[in-house]
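Engineer: The structure is given below, and queries will be raised subsequently.
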Amino acid sequence: MSRLQQKYFKEIIPNLKKDLKVNSDLAVPRIIKMVINIGTGEISKDQPALAKTVNYFAALAGQKPVIRKAKKSIAEFKTRVGSPIGLVVTLRGRRAYEFLDKLFSIVLPRVRDFRGVNPKAFDGSGNYTLGLAEQTIFPEVEYDKIDKIRGMEITIVTNAKDNTKARKLLENLGMPFAKE
């Protein structure tokens, strides 16, 4: 069990039960999964560069990514059916909490001019999506070995039914929201 997961069970569940006025531990919102996406862009034709990207993404996420392939050919984007267009990792359970802990305590403070994450990036169903402009802020990424700086999207999926409950959960977990 990760450090953040232990904190969730020992501290956050009792706090949220009081704040949300629920009686059951199961009624408290929780993290279901995290989905991390990286678009491959122009490296889709360069197999060695794609393999490098897969390797560093696996090191940063803790598990091997799935290569997403194009379903349609689009001439403007120079994609053909079956060409790789992105990498996706879905983290659940202990791995999701470990990644969140690393994200909140190590990665986000390394972002230049960081004043907090956007509190309005919820989707209305209690899920939060965060975009990062570069992968070099992760400690696992060796700056000398990357060919190009790439961004990524991190989606945190919760079982909360609305944004306010999900925000309380993420605040208690340690997500640094910007002041409104």
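Residue numbering restarts at 1 in every chain; chains get A, B, ... in the order shown in the structure tokens, and ligands count up from 1 in that same order.
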Where in stretch 24-106 of chain A does DSSP assign helix (DSSP H, G or I), given as a VMD selection string?

Structural biologist: chain A and resid 25 to 27 41 to 45 47 to 61 93 to 106

Engineer: Quick one: write out the picked residues with C-alpha atoms as a short mmCIF file (atom, residue, chain, number, x, y, z; two decimals), in the first residue's frame?

Structural biologist:
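See part-v3.cif below for the written result:
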data_model
loop_
_atom_site.label_atom_id
_atom_site.label_comp_id
_atom_site.auth_asym_id
_atom_site.auth_seq_id
_atom_site.Cartn_x
_atom_site.Cartn_y
_atom_site.Cartn_z
CA ASP A 25 -16.98 4.70 4.05
CA LEU A 26 -18.21 3.49 0.66
CA ALA A 27 -20.14 6.72 0.10
CA GLY A 41 2.99 13.04 -33.53
CA GLU A 42 5.70 12.86 -36.16
CA ILE A 43 7.61 9.98 -34.52
CA SER A 44 4.96 7.52 -35.65
CA LYS A 45 7.04 6.73 -38.73
CA GLN A 47 10.39 3.17 -35.07
CA PRO A 48 13.53 3.76 -32.91
CA ALA A 49 12.15 7.09 -31.65
CA LEU A 50 8.80 5.42 -30.92
CA ALA A 51 10.57 2.67 -28.97
CA LYS A 52 12.47 5.31 -26.95
CA THR A 53 9.22 7.11 -26.17
CA VAL A 54 7.57 3.85 -25.08
CA ASN A 55 10.54 3.10 -22.78
CA TYR A 56 10.63 6.47 -21.04
CA PHE A 57 6.84 6.51 -20.73
CA ALA A 58 6.94 3.04 -19.14
CA ALA A 59 9.58 4.27 -16.66
CA LEU A 60 7.57 7.35 -15.76
CA ALA A 61 4.20 5.58 -15.39
CA GLY A 93 -5.14 0.89 -7.25
CA ARG A 94 -1.69 1.15 -5.69
CA ARG A 95 0.00 2.33 -8.90
CA ALA A 96 -2.51 5.15 -9.34
CA TYR A 97 -1.94 6.38 -5.77
CA GLU A 98 1.85 6.12 -6.16
CA PHE A 99 1.73 8.14 -9.37
CA LEU A 100 -0.52 10.76 -7.74
CA ASP A 101 1.84 11.02 -4.77
CA LYS A 102 4.78 11.56 -7.12
CA LEU A 103 2.78 14.06 -9.19
CA PHE A 104 1.70 16.17 -6.21
CA SER A 105 4.92 16.10 -4.18
CA ILE A 106 7.70 16.03 -6.80
#

Engineer: For A:Leu173, please output as a short mmCIF file (atom, residue, chain, number, x, y, z; two decimals) with C-alpha atoms, in the first residue's frame all residues within 8 Å (counting only C-alpha atoms; exclusion window: fewer than 5 positions along the same chain).

Structural biologist:
data_model
loop_
_atom_site.label_atom_id
_atom_site.label_comp_id
_atom_site.auth_asym_id
_atom_site.auth_seq_id
_atom_site.Cartn_x
_atom_site.Cartn_y
_atom_site.Cartn_z
CA LEU A 4 -0.95 8.32 -0.19
CA TYR A 8 -6.55 8.14 2.27
CA ILE A 12 -9.08 11.42 4.35
#

Engineer: Find the spatial neighbours of A:Val157, counting only C-alpha atoms, within a cut-off of 6 Å - ignore same-chain residues fewer than 5 positions away - and output them as a PyMOL selection string.

Structural biologist: chain A and resi 32-34+127

Engineer: Using N, CA and C atoms, can you write the selected residues to a file as a PDB file, in the first residue's frame?

Structural biologist:
ATOM      1  N   ILE A  32     -10.717   6.021  -8.922  1.00  0.00           N
ATOM      2  CA  ILE A  32     -10.967   4.749  -9.588  1.00  0.00           C
ATOM      3  C   ILE A  32      -9.776   4.380 -10.471  1.00  0.00           C
ATOM      4  N   LYS A  33      -9.338   5.346 -11.295  1.00  0.00           N
ATOM      5  CA  LYS A  33      -8.198   5.081 -12.177  1.00  0.00           C
ATOM      6  C   LYS A  33      -7.602   6.398 -12.637  1.00  0.00           C
ATOM      7  N   MET A  34      -6.429   6.290 -13.229  1.00  0.00           N
ATOM      8  CA  MET A  34      -5.772   7.433 -13.860  1.00  0.00           C
ATOM      9  C   MET A  34      -5.405   7.015 -15.273  1.00  0.00           C
ATOM     10  N   ASN A 127     -14.511  14.070 -12.735  1.00  0.00           N
ATOM     11  CA  ASN A 127     -13.207  13.665 -13.278  1.00  0.00           C
ATOM     12  C   ASN A 127     -12.389  14.911 -13.579  1.00  0.00           C
TER      13      ASN A 127
END

Engineer: Pick from A:Pro29, A:Gly82, A:Gly126, A:Gly62: nearest to A:Leu169, with only C-alpha atoms counted?

Structural biologist: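 Using only C-alpha atoms, the shortest distance to A:Leu169 belongs to A:Pro29.
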
Engineer: With only C-alpha atoms as the counted atoms, please give the residues lying no more than 10 Å from A:Val88, apart from itself and same-chain residues fewer than 5 positions off, as a PyMOL selection string.

Structural biologist: chain A and resi 35-39+54+57+61+64-68+152-154

Engineer: I'd like to know which of A:Asn23, A:Asn15, A:Thr40, A:Gln6 is closest to A:Ile149, using only C-alpha atoms.

Structural biologist: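 Among A:Asn23, A:Asn15, A:Thr40, A:Gln6, it is A:Thr40 that comes nearest to A:Ile149.
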
Engineer: A:Lys120, A:Asp19, A:Val107, A:Lys165: which is nearest A:Ile137, counting only C-alpha atoms?

Structural biologist: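 Smallest distance to A:Ile137 is found for A:Val107.
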
Engineer: Write out as a PyMOL selection string the set of residues from stretch 23-177 of chain A that DSSP, computed on the backbone, places in strand (DSSP E).

Structural biologist: chain A and resi 31-39+66-69+84-92+128-132+152-158

Engineer: Kindly export the residues of the current selection with C-alpha atoms, as a PDB file, in the first residue's frame.

Structural biologist:
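So again32.pdb came out as:
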ATOM      1  CA  ILE A  31      -9.886   7.446  -7.143  1.00  0.00           C
ATOM      2  CA  ILE A  32     -10.967   4.749  -9.588  1.00  0.00           C
ATOM      3  CA  LYS A  33      -8.198   5.081 -12.177  1.00  0.00           C
ATOM      4  CA  MET A  34      -5.772   7.433 -13.860  1.00  0.00           C
ATOM      5  CA  VAL A  35      -5.355   7.597 -17.623  1.00  0.00           C
ATOM      6  CA  ILE A  36      -2.136   9.104 -19.001  1.00  0.00           C
ATOM      7  CA  ASN A  37      -1.917   9.981 -22.725  1.00  0.00           C
ATOM      8  CA  ILE A  38       0.984  11.062 -24.893  1.00  0.00           C
ATOM      9  CA  GLY A  39       0.519  11.908 -28.563  1.00  0.00           C
ATOM     10  CA  VAL A  66      -0.485   0.639 -25.040  1.00  0.00           C
ATOM     11  CA  ILE A  67       0.208   2.015 -28.504  1.00  0.00           C
ATOM     12  CA  ARG A  68      -2.970   3.526 -29.966  1.00  0.00           C
ATOM     13  CA  LYS A  69      -3.353   3.263 -33.710  1.00  0.00           C
ATOM     14  CA  PRO A  84       0.614   4.770 -34.194  1.00  0.00           C
ATOM     15  CA  ILE A  85      -0.843   8.090 -32.999  1.00  0.00           C
ATOM     16  CA  GLY A  86      -0.493   7.901 -29.223  1.00  0.00           C
ATOM     17  CA  LEU A  87       0.499   6.032 -26.083  1.00  0.00           C
ATOM     18  CA  VAL A  88      -1.919   5.342 -23.219  1.00  0.00           C
ATOM     19  CA  VAL A  89      -1.453   3.943 -19.727  1.00  0.00           C
ATOM     20  CA  THR A  90      -4.286   3.220 -17.294  1.00  0.00           C
ATOM     21  CA  LEU A  91      -3.214   3.042 -13.654  1.00  0.00           C
ATOM     22  CA  ARG A  92      -5.451   1.575 -10.971  1.00  0.00           C
ATOM     23  CA  TYR A 128     -10.191  15.972 -13.569  1.00  0.00           C
ATOM     24  CA  THR A 129      -7.859  16.395 -16.549  1.00  0.00           C
ATOM     25  CA  LEU A 130      -4.449  17.990 -16.207  1.00  0.00           C
ATOM     26  CA  GLY A 131      -2.164  18.840 -19.114  1.00  0.00           C
ATOM     27  CA  LEU A 132       1.607  18.968 -18.738  1.00  0.00           C
ATOM     28  CA  MET A 152       0.919  14.658 -21.822  1.00  0.00           C
ATOM     29  CA  GLU A 153      -2.590  14.571 -20.441  1.00  0.00           C
ATOM     30  CA  ILE A 154      -3.365  13.051 -17.065  1.00  0.00           C
ATOM     31  CA  THR A 155      -7.010  12.261 -16.340  1.00  0.00           C
ATOM     32  CA  ILE A 156      -7.988  11.400 -12.774  1.00  0.00           C
ATOM     33  CA  VAL A 157     -11.233   9.409 -12.752  1.00  0.00           C
ATOM     34  CA  THR A 158     -13.191   9.413  -9.482  1.00  0.00           C
TER      35      THR A 158
END
